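Colleague: This is the content of work-v2.txt (compact mmCIF, C-alpha atoms and all ligand atoms):
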```txt
# COMPACT_ATOMS: atom_id res chain seq x y z
CA MET A 1 108.94 122.22 81.98
CA GLY A 2 112.51 121.20 82.45
CA THR A 3 115.43 119.29 81.02
CA CYS A 4 115.69 115.62 81.94
CA LEU A 5 118.23 112.88 81.37
CA ILE A 6 117.10 109.27 81.47
CA THR A 7 119.97 106.80 81.68
CA GLY A 8 118.71 103.46 80.37
CA GLY A 9 115.95 105.39 78.60
CA ALA A 10 115.83 103.03 75.62
CA GLY A 11 114.90 100.15 77.93
CA PHE A 12 111.55 98.91 79.16
CA ILE A 13 110.78 101.31 82.03
CA GLY A 14 112.95 104.18 80.77
CA SER A 15 111.16 104.40 77.42
CA HIS A 16 107.75 104.66 79.13
CA LEU A 17 109.18 107.47 81.26
CA ALA A 18 110.50 109.16 78.09
CA ASP A 19 107.04 108.97 76.49
CA ARG A 20 105.41 110.63 79.49
CA LEU A 21 108.07 113.35 79.95
CA VAL A 22 107.97 114.32 76.27
CA HIS A 23 104.17 114.33 76.40
CA GLU A 24 104.34 116.74 79.36
CA GLY A 25 106.62 119.09 77.43
CA HIS A 26 110.02 118.34 78.98
CA THR A 27 113.24 118.31 77.00
CA VAL A 28 114.49 114.72 77.18
CA THR A 29 117.95 113.22 76.66
CA VAL A 30 118.53 109.47 76.80
CA LEU A 31 121.89 107.84 77.51
CA ASP A 32 121.80 104.12 76.73
CA ASP A 33 124.35 101.62 75.46
CA LEU A 34 121.53 99.66 73.76
CA SER A 35 122.79 96.44 75.35
CA ASN A 36 119.27 95.50 76.35
CA GLY A 37 117.17 98.44 75.20
CA SER A 38 116.54 99.54 71.62
CA GLU A 39 115.86 102.68 69.65
CA SER A 40 112.53 101.22 68.58
CA ASN A 41 111.28 101.50 72.18
CA LEU A 42 111.53 105.28 71.68
CA ARG A 43 109.65 105.19 68.38
CA ALA A 44 106.72 107.31 69.58
CA VAL A 45 108.96 110.17 70.75
CA ARG A 46 112.07 109.64 68.63
CA ASP A 47 111.98 113.09 67.00
CA ASP A 48 111.75 114.78 70.40
CA VAL A 49 114.45 112.85 72.26
CA ARG A 50 118.20 113.30 72.04
CA LEU A 51 119.73 109.81 72.14
CA ILE A 52 123.35 109.40 73.21
CA VAL A 53 124.58 105.86 72.69
CA GLY A 54 127.11 105.28 75.46
CA ARG A 55 127.76 103.75 78.83
CA VAL A 56 127.15 105.28 82.24
CA GLU A 57 130.60 104.11 83.38
CA ASP A 58 132.20 106.23 80.63
CA PRO A 59 132.93 109.63 82.26
CA ALA A 60 132.96 111.52 78.94
CA ALA A 61 129.61 110.13 77.78
CA MET A 62 128.06 110.69 81.21
CA ALA A 63 129.41 114.26 81.46
CA GLU A 64 128.01 115.12 78.03
CA ALA A 65 124.64 113.63 78.92
CA ALA A 66 124.39 115.34 82.34
CA ARG A 67 125.33 118.83 81.13
CA GLY A 68 122.48 121.34 81.56
CA GLN A 69 120.00 118.83 83.06
CA ASP A 70 117.53 119.75 85.78
CA ILE A 71 116.75 116.13 86.62
CA VAL A 72 118.61 112.85 86.11
CA PHE A 73 116.58 109.64 86.20
CA HIS A 74 119.21 106.94 86.56
CA LEU A 75 117.71 103.68 85.28
CA ALA A 76 120.60 102.19 83.30
CA ALA A 77 121.60 98.83 84.73
CA LEU A 78 122.17 95.21 83.89
CA GLY A 79 119.02 93.56 85.21
CA SER A 80 118.42 89.99 86.33
CA VAL A 81 119.44 88.14 89.47
CA PRO A 82 120.48 84.93 87.63
CA ARG A 83 122.64 86.90 85.17
CA SER A 84 124.53 88.41 88.11
CA VAL A 85 124.93 85.01 89.79
CA ALA A 86 126.40 83.62 86.56
CA ALA A 87 128.76 86.60 85.99
CA PRO A 88 129.00 89.10 88.89
CA GLN A 89 131.55 91.52 87.46
CA PRO A 90 129.62 93.01 84.50
CA THR A 91 126.67 93.59 86.84
CA HIS A 92 128.92 95.36 89.34
CA GLU A 93 130.46 97.53 86.63
CA ALA A 94 127.20 98.65 85.06
CA ASN A 95 125.20 98.99 88.29
CA ALA A 96 127.60 99.95 91.09
CA THR A 97 130.41 101.68 89.18
CA GLY A 98 127.84 103.05 86.74
CA THR A 99 125.76 104.61 89.52
CA LEU A 100 128.84 106.21 91.05
CA GLY A 101 129.75 107.61 87.61
CA ALA A 102 126.23 108.92 87.05
CA LEU A 103 126.17 110.60 90.47
CA GLN A 104 129.58 112.17 89.98
CA ALA A 105 128.64 113.56 86.56
CA ALA A 106 125.35 114.87 87.97
CA ARG A 107 127.17 116.53 90.85
CA ASP A 108 129.71 118.13 88.53
CA ALA A 109 126.95 119.38 86.22
CA GLY A 110 124.97 120.88 89.11
CA VAL A 111 121.90 118.76 88.39
CA GLY A 112 118.88 119.72 90.50
CA ARG A 113 117.59 116.23 91.38
CA PHE A 114 118.94 112.70 90.92
CA VAL A 115 116.48 109.78 91.08
CA PHE A 116 117.96 106.28 91.17
CA ALA A 117 116.14 103.04 90.31
CA SER A 118 117.02 100.55 93.02
CA SER A 119 115.39 97.18 93.63
CA SER A 120 113.42 95.17 96.18
CA SER A 121 116.20 92.58 95.93
CA VAL A 122 118.12 94.62 98.55
CA TYR A 123 115.75 93.17 101.19
CA GLY A 124 117.60 89.88 100.73
CA ASP A 125 116.93 87.34 103.47
CA HIS A 126 114.98 89.68 105.76
CA ALA A 127 111.72 87.81 106.35
CA ALA A 128 109.39 90.58 107.56
CA LEU A 129 106.36 91.39 105.38
CA PRO A 130 105.42 93.86 104.13
CA LYS A 131 108.86 95.28 103.39
CA THR A 132 109.56 98.60 105.05
CA GLU A 133 112.54 100.65 103.95
CA SER A 134 114.61 100.40 107.14
CA GLU A 135 114.48 96.60 107.56
CA VAL A 136 116.92 95.02 105.12
CA GLY A 137 118.68 91.68 105.46
CA ASN A 138 121.74 90.14 103.84
CA VAL A 139 121.65 90.36 100.08
CA LEU A 140 121.39 87.09 98.14
CA SER A 141 122.89 88.03 94.77
CA PRO A 142 125.50 90.28 93.13
CA TYR A 143 122.63 92.16 91.48
CA ALA A 144 121.13 93.00 94.88
CA LEU A 145 124.52 94.05 96.22
CA SER A 146 125.11 96.32 93.22
CA LYS A 147 121.79 98.06 93.94
CA LYS A 148 122.56 98.35 97.65
CA VAL A 149 125.89 100.00 96.78
CA GLY A 150 124.02 102.41 94.50
CA GLU A 151 121.63 103.33 97.32
CA GLU A 152 124.56 103.98 99.65
CA TYR A 153 126.21 106.25 97.08
CA VAL A 154 122.96 108.16 96.70
CA ARG A 155 122.79 108.71 100.46
CA LEU A 156 126.48 109.62 100.63
CA PHE A 157 126.34 112.12 97.75
CA SER A 158 123.36 113.75 99.38
CA GLU A 159 125.21 114.08 102.71
CA LEU A 160 128.71 114.86 101.42
CA TYR A 161 127.87 117.25 98.61
CA GLY A 162 124.38 118.40 99.55
CA MET A 163 123.05 116.88 96.32
CA SER A 164 119.35 116.33 95.94
CA ALA A 165 119.51 112.56 95.36
CA VAL A 166 116.97 109.84 96.16
CA ALA A 167 116.53 106.09 95.52
CA LEU A 168 113.34 104.20 94.67
CA ARG A 169 113.13 100.46 95.26
CA PHE A 170 111.18 99.00 92.35
CA PHE A 171 109.39 95.70 92.92
CA ASN A 172 108.62 93.33 90.02
CA VAL A 173 107.68 95.66 87.20
CA PHE A 174 105.83 94.47 84.11
CA GLY A 175 104.16 95.90 81.00
CA PRO A 176 104.52 96.44 77.26
CA ARG A 177 108.13 96.51 75.90
CA GLN A 178 109.43 94.16 78.56
CA ARG A 179 111.41 91.53 76.71
CA ALA A 180 110.29 87.91 76.73
CA ASP A 181 112.85 86.80 74.19
CA HIS A 182 115.99 86.21 76.17
CA VAL A 183 117.31 83.87 78.80
CA TYR A 184 117.00 86.42 81.62
CA ALA A 185 113.45 87.52 80.84
CA ALA A 186 111.17 88.37 83.80
CA VAL A 187 108.36 86.06 84.77
CA ILE A 188 105.23 87.85 83.47
CA PRO A 189 106.48 88.34 79.89
CA ARG A 190 107.78 84.74 79.95
CA PHE A 191 104.39 83.42 81.09
CA LEU A 192 102.40 85.52 78.61
CA ASP A 193 104.68 84.68 75.71
CA ALA A 194 104.51 80.94 76.51
CA ALA A 195 100.74 81.00 77.07
CA LEU A 196 100.05 82.82 73.81
CA HIS A 197 102.31 80.39 71.90
CA GLY A 198 100.60 77.32 73.42
CA LYS A 199 103.69 76.32 75.41
CA ALA A 200 104.02 75.14 79.02
CA LEU A 201 104.73 77.81 81.65
CA THR A 202 108.01 77.13 83.44
CA VAL A 203 107.85 77.72 87.21
CA HIS A 204 110.97 77.60 89.38
CA GLY A 205 110.09 75.71 92.57
CA ASP A 206 106.55 75.29 93.91
CA GLY A 207 105.13 78.56 92.55
CA GLN A 208 104.14 79.72 96.04
CA GLN A 209 106.78 82.46 96.01
CA SER A 210 105.06 85.85 96.02
CA ARG A 211 105.77 89.19 94.41
CA ASP A 212 104.39 92.72 94.42
CA PHE A 213 103.83 92.89 90.66
CA THR A 214 103.67 96.51 89.53
CA PHE A 215 102.45 97.76 86.16
CA VAL A 216 105.01 100.09 84.58
CA ASP A 217 102.75 103.18 84.60
CA ASN A 218 102.94 103.12 88.40
CA ASN A 219 106.73 103.34 88.24
CA VAL A 220 106.56 106.25 85.81
CA GLU A 221 104.11 107.99 88.14
CA GLY A 222 106.34 107.40 91.17
CA LEU A 223 109.49 108.53 89.35
CA ILE A 224 107.90 111.80 88.25
CA LEU A 225 106.31 112.54 91.63
CA THR A 226 109.65 111.87 93.35
CA SER A 227 111.46 114.17 90.94
CA GLN A 228 109.02 116.94 91.88
CA ALA A 229 108.73 116.34 95.65
CA ALA A 230 110.10 118.83 98.17
CA ALA A 231 113.84 118.32 98.71
CA GLN A 232 113.52 118.06 102.49
CA GLU A 233 111.08 115.14 102.04
CA VAL A 234 113.22 112.99 99.76
CA ASP A 235 116.91 113.93 99.80
CA GLY A 236 119.24 111.10 100.77
CA ARG A 237 116.32 108.73 101.31
CA VAL A 238 115.15 105.45 99.82
CA PHE A 239 111.50 104.57 99.13
CA ASN A 240 109.56 101.50 98.06
CA LEU A 241 107.66 101.93 94.81
CA ALA A 242 105.12 99.17 94.12
CA CYS A 243 101.43 98.31 93.98
CA GLU A 244 101.01 96.95 97.54
CA GLY A 245 99.62 93.63 96.37
CA ARG A 246 101.00 90.22 97.27
CA VAL A 247 100.46 87.61 94.56
CA THR A 248 102.04 84.16 94.16
CA LEU A 249 103.24 82.87 90.81
CA LEU A 250 100.46 80.29 90.83
CA GLU A 251 97.91 83.08 91.38
CA ILE A 252 99.36 85.03 88.45
CA ILE A 253 98.98 81.91 86.31
CA ASP A 254 95.32 81.64 87.45
CA MET A 255 94.76 85.26 86.41
CA ILE A 256 96.32 84.62 83.00
CA GLN A 257 94.18 81.47 82.56
CA GLU A 258 91.06 83.42 83.37
CA MET A 259 92.06 86.27 81.08
CA LEU A 260 92.77 83.93 78.16
CA GLY A 261 89.82 81.66 78.94
CA ARG A 262 91.78 78.42 78.89
CA GLU A 263 93.82 76.11 81.08
CA LEU A 264 97.61 76.34 80.84
CA GLU A 265 100.20 73.65 81.26
CA ILE A 266 102.74 74.24 84.06
CA ASP A 267 106.23 72.79 84.15
CA HIS A 268 107.84 72.93 87.63
CA ILE A 269 111.64 72.97 87.65
CA ASP A 270 114.30 73.51 90.36
CA PRO A 271 114.20 76.73 92.43
CA ARG A 272 116.69 79.42 91.34
CA GLY A 273 119.67 80.49 93.42
CA GLY A 274 119.68 84.10 94.60
CA ASP A 275 115.89 84.57 94.52
CA ILE A 276 114.03 85.89 97.52
CA ARG A 277 110.94 83.94 98.62
CA HIS A 278 108.38 86.66 99.29
CA SER A 279 108.29 90.29 98.29
CA PHE A 280 105.56 92.71 99.21
CA ALA A 281 105.97 96.46 99.67
CA ASP A 282 104.78 98.96 102.21
CA THR A 283 104.59 102.20 100.20
CA THR A 284 103.47 104.47 103.04
CA ALA A 285 106.70 106.47 103.00
CA LEU A 286 106.45 107.38 99.31
CA ARG A 287 102.76 108.20 99.68
CA MET A 288 103.62 110.61 102.51
CA ALA A 289 106.71 112.17 100.92
CA ALA A 290 105.61 112.48 97.29
CA GLY A 291 101.85 111.85 97.21
CA TYR A 292 102.32 108.54 95.38
CA GLN A 293 99.28 106.38 94.56
CA PRO A 294 99.26 103.40 92.18
CA VAL A 295 97.42 104.37 89.00
CA VAL A 296 96.94 100.96 87.32
CA GLU A 297 95.89 97.78 89.14
CA LEU A 298 97.41 94.37 88.49
CA ALA A 299 94.50 92.88 86.47
CA GLN A 300 94.25 95.93 84.20
CA GLY A 301 98.02 95.94 83.72
CA LEU A 302 97.97 92.26 82.74
CA GLU A 303 95.28 92.96 80.15
CA ARG A 304 97.28 95.81 78.64
CA THR A 305 100.39 93.65 78.54
CA ARG A 306 98.47 90.78 76.90
CA ASP A 307 97.15 93.21 74.29
CA TRP A 308 100.69 94.30 73.50
CA PHE A 309 101.76 90.68 73.01
CA LEU A 310 98.68 90.01 70.86
CA ALA A 311 99.58 93.04 68.70
CA GLY A 312 102.97 91.38 67.99
CA CYS A 313 105.11 93.35 70.52
CA PRO A 314 105.19 96.55 68.41
N1 LIG B 401 111.94 95.51 85.62
C1 LIG B 401 111.91 95.29 86.92
O1 LIG B 401 111.11 94.48 87.42
C2 LIG B 401 112.84 96.02 87.85
C3 LIG B 401 112.78 95.74 89.23
C4 LIG B 401 113.64 96.40 90.09
C5 LIG B 401 114.53 97.34 89.60
N2 LIG B 401 114.57 97.59 88.27
C6 LIG B 401 115.55 98.57 87.77
O2 LIG B 401 114.89 99.50 86.93
C7 LIG B 401 115.80 99.95 85.92
C8 LIG B 401 115.18 99.78 84.55
O3 LIG B 401 114.90 98.39 84.35
P1 LIG B 401 114.20 97.80 83.05
O4 LIG B 401 113.35 96.68 83.50
O5 LIG B 401 113.63 98.90 82.25
O6 LIG B 401 115.45 97.16 82.31
P2 LIG B 401 115.97 97.33 80.80
O7 LIG B 401 117.08 96.36 80.65
O8 LIG B 401 114.84 97.25 79.85
O9 LIG B 401 116.54 98.82 80.83
C9 LIG B 401 117.84 99.13 81.23
C10 LIG B 401 118.48 99.90 80.10
O10 LIG B 401 119.82 100.23 80.49
C11 LIG B 401 120.69 100.04 79.37
N3 LIG B 401 122.02 99.77 79.93
C12 LIG B 401 122.48 98.66 80.56
N4 LIG B 401 123.73 98.82 80.97
C13 LIG B 401 124.09 100.09 80.60
C14 LIG B 401 125.28 100.85 80.76
N5 LIG B 401 126.34 100.34 81.38
N6 LIG B 401 125.29 102.12 80.27
C15 LIG B 401 124.20 102.65 79.63
N7 LIG B 401 123.06 101.95 79.45
C16 LIG B 401 123.00 100.69 79.95
C17 LIG B 401 120.09 98.88 78.60
O11 LIG B 401 120.43 98.88 77.23
C18 LIG B 401 118.60 99.12 78.81
O12 LIG B 401 118.05 99.90 77.75
C19 LIG B 401 117.09 99.16 86.13
O13 LIG B 401 117.97 99.93 86.91
C20 LIG B 401 116.63 97.95 86.91
O14 LIG B 401 117.68 97.39 87.70
C21 LIG B 401 113.76 96.96 87.39
```
Represent the structure of the file as structure tokens.
Modeller:
Amino acid sequence: MGTCLITGGAGFIGSHLADRLVHEGHTVTVLDDLSNGSESNLRAVRDDVRLIVGRVEDPAAMAEAARGQDIVFHLAALGSVPRSVAAPQPTHEANATGTLGALQAARDAGVGRFVFASSSSVYGDHAALPKTESEVGNVLSPYALSKKVGEEYVRLFSELYGMSAVALRFFNVFGPRQRADHVYAAVIPRFLDAALHGKALTVHGDGQQSRDFTFVDNNVEGLILTSQAAAQEVDGRVFNLACEGRVTLLEIIDMIQEMLGRELEIDHIDPRGGDIRHSFADTTALRMAAGYQPVVELAQGLERTRDWFLAGCP
């Protein structure tokens, strides 16, 4: 049992992590500015979680949140590649400056382990598949750059201050509580929402782009295992966290059609700037360092996500 801070803990992934940590008996604090997350995501554990509404770039809020914590899970960020292409500065402030602020507060508070949510977007234009941690290309978006900066700060804080800090590169995560209702929504909630409302599914480009779609429980599993792994295995390092499956958008649509038992209309529009073409993780390093194994497969995750949509996104 320990004390844990989750920045961004009222968001999609952070709230699932909060559920699991509370369930396991940890004392959980959430720092979130509620810009994309909501208190209702924490409904199941609300009485057991201390919620601080504030920004990670705010030193006072971050210092208050980090005080007395054993572990900091740093998930707060402005997501979305296209959002960052449209307006780079807010993404930089929340993600790059915010990660520096979170690390500094964690260092000053003497936190035992800092786990940072990075992104597969840092692989940029590097073509090799599957993606291994050491082979990164040029980034293609301000979002990717902000995550790369965060990873570098994690490494630097580990080296300079001897902090136990580690970064996990999430690949396309999906599951209940992921928003479908705004312009920067991710592809699986957009597809499911459209399909269940009888609308056409919008595909950027030819739909042959591939992703390593990862059900959110796998991320929670990887985050917790990494927070508990031996320091000499993880400190200053970066690890892929995904399902090790390579699926194109058209294949995901096929799976949704099969799951719903009907054919869906597809509307192809222009490709998006800043997107990478293929994304597929090698997770050997995290398996070796932290004993990570995916716990929910893609098809099962899609069914659970569909059920959440069918229940009215509670
Ligand atoms: N969902 C994915 O597919 C995916 C993929 C790669 C990386 N990630 C990373 O995982 C983390 C969690 O992503 P998510 O999908 O749960 O997104 P999310 O938007 O649901 O969660 C992020 C949370 O951070 C909060 N937030 C944003 N800016 C903040 C700030 N400046 N200060 C405090 N709180 C702030 C938001 O209100 C939100 O609740 C993010 O760091 C994201 O970049 C996600």
Colleague: First collect every listed atom of ligand LIG 401 (chain B); then fit an axis-aligned box around them, widen it by 5 Å on each side, and give centre and edge lengths in Å to one decimal, as AutoDock Vina command-line options.
Modeller:
```
--center_x 118.7 --center_y 98.6 --center_z 83.7 --size_x 25.2 --size_y 18.2 --size_z 22.9
```
Colleague: To one decimal in Å, tell me the separation between atom CA of A:Val56 and atom CA of A:Ala105.
Modeller: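 Distance reported for this atom pair: 9.5 Å.
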Colleague: Please measure the separation of atom CA of A:Ala299 and atom CA of A:Met259, giving the value in Å to one decimal.
Modeller: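 For atom CA of A:Ala299 relative to atom CA of A:Met259, the distance reads 8.9 Å.
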Colleague: Using all atoms listed in the file, pick whichever of A:Ser158, A:Thr99, A:Asn36, A:Gln178 has the shortest atom-to-atom distance to A:Val234.
Modeller: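 Of A:Ser158, A:Thr99, A:Asn36, A:Gln178, the one nearest A:Val234 is A:Ser158, counting all atoms listed in the file.
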Colleague: Rank nothing, just name the residue among A:Ala186, A:Leu302, A:Ala18, A:Val85 nearest to ligand LIG 401 (chain B), using all atoms listed in the file.
Modeller: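 Going through A:Ala186, A:Leu302, A:Ala18, A:Val85 one by one, the smallest distance to ligand LIG 401 (chain B) is for A:Ala186.
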Colleague: May I ask which of the residues A:Ala102, A:Ala194, A:Ile269, A:Ala66 is the closest one to ligand LIG 401 (chain B), counting only C-alpha atoms and all ligand atoms?
Modeller: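 Under the stated criterion, the closest residue is A:Ala102.
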Colleague: Skipping near chain neighbours, those fewer than 5 positions away, what residues fall within 12 Å of A:Arg246 using only C-alpha atoms, listed as a PyMOL selection string?
Modeller: chain A and resi 129-131+171-172+208-214+251-252+277-282+298
Colleague: May I ask you to write as a ChimeraX atom specification all residues lying at most 7 Å from ligand LIG 401 (chain B), with only C-alpha atoms and all ligand atoms counted?
Modeller: /A:7-14,31-38,54-57,75-79,94,98,117-120,169-174,178
Colleague: In Å, with one decimal, what is the gap from atom CA of A:Arg83 to atom CA of A:His126?
Modeller: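 That distance, rounded to one decimal, is 22.1 Å.
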Colleague: Of the candidates A:Pro314, A:Glu135, A:Asp193, A:Ser141, which one gets nearest to A:Leu42 if we count only C-alpha atoms?
Modeller: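 Looking at the shortest contact to A:Leu42, the residue is A:Pro314.
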Colleague: Which polymer residues, whether protein, DNA or RNA, lie within 8 Å of the coordinate (103.2, 99.4, 80.5) when you count only C-alpha atoms? List them as a compact mmCIF listing (two decimals) with C-alpha atoms, in the coordinates of the input, using the chain letters and numbers from the file.
Modeller:
```txt
# COMPACT_ATOMS: atom_id res chain seq x y z
CA ILE A 13 110.78 101.31 82.03
CA HIS A 16 107.75 104.66 79.13
CA PHE A 174 105.83 94.47 84.11
CA GLY A 175 104.16 95.90 81.00
CA PRO A 176 104.52 96.44 77.26
CA ARG A 177 108.13 96.51 75.90
CA PHE A 215 102.45 97.76 86.16
CA VAL A 216 105.01 100.09 84.58
CA ASP A 217 102.75 103.18 84.60
CA GLY A 301 98.02 95.94 83.72
CA ARG A 304 97.28 95.81 78.64
CA THR A 305 100.39 93.65 78.54
```
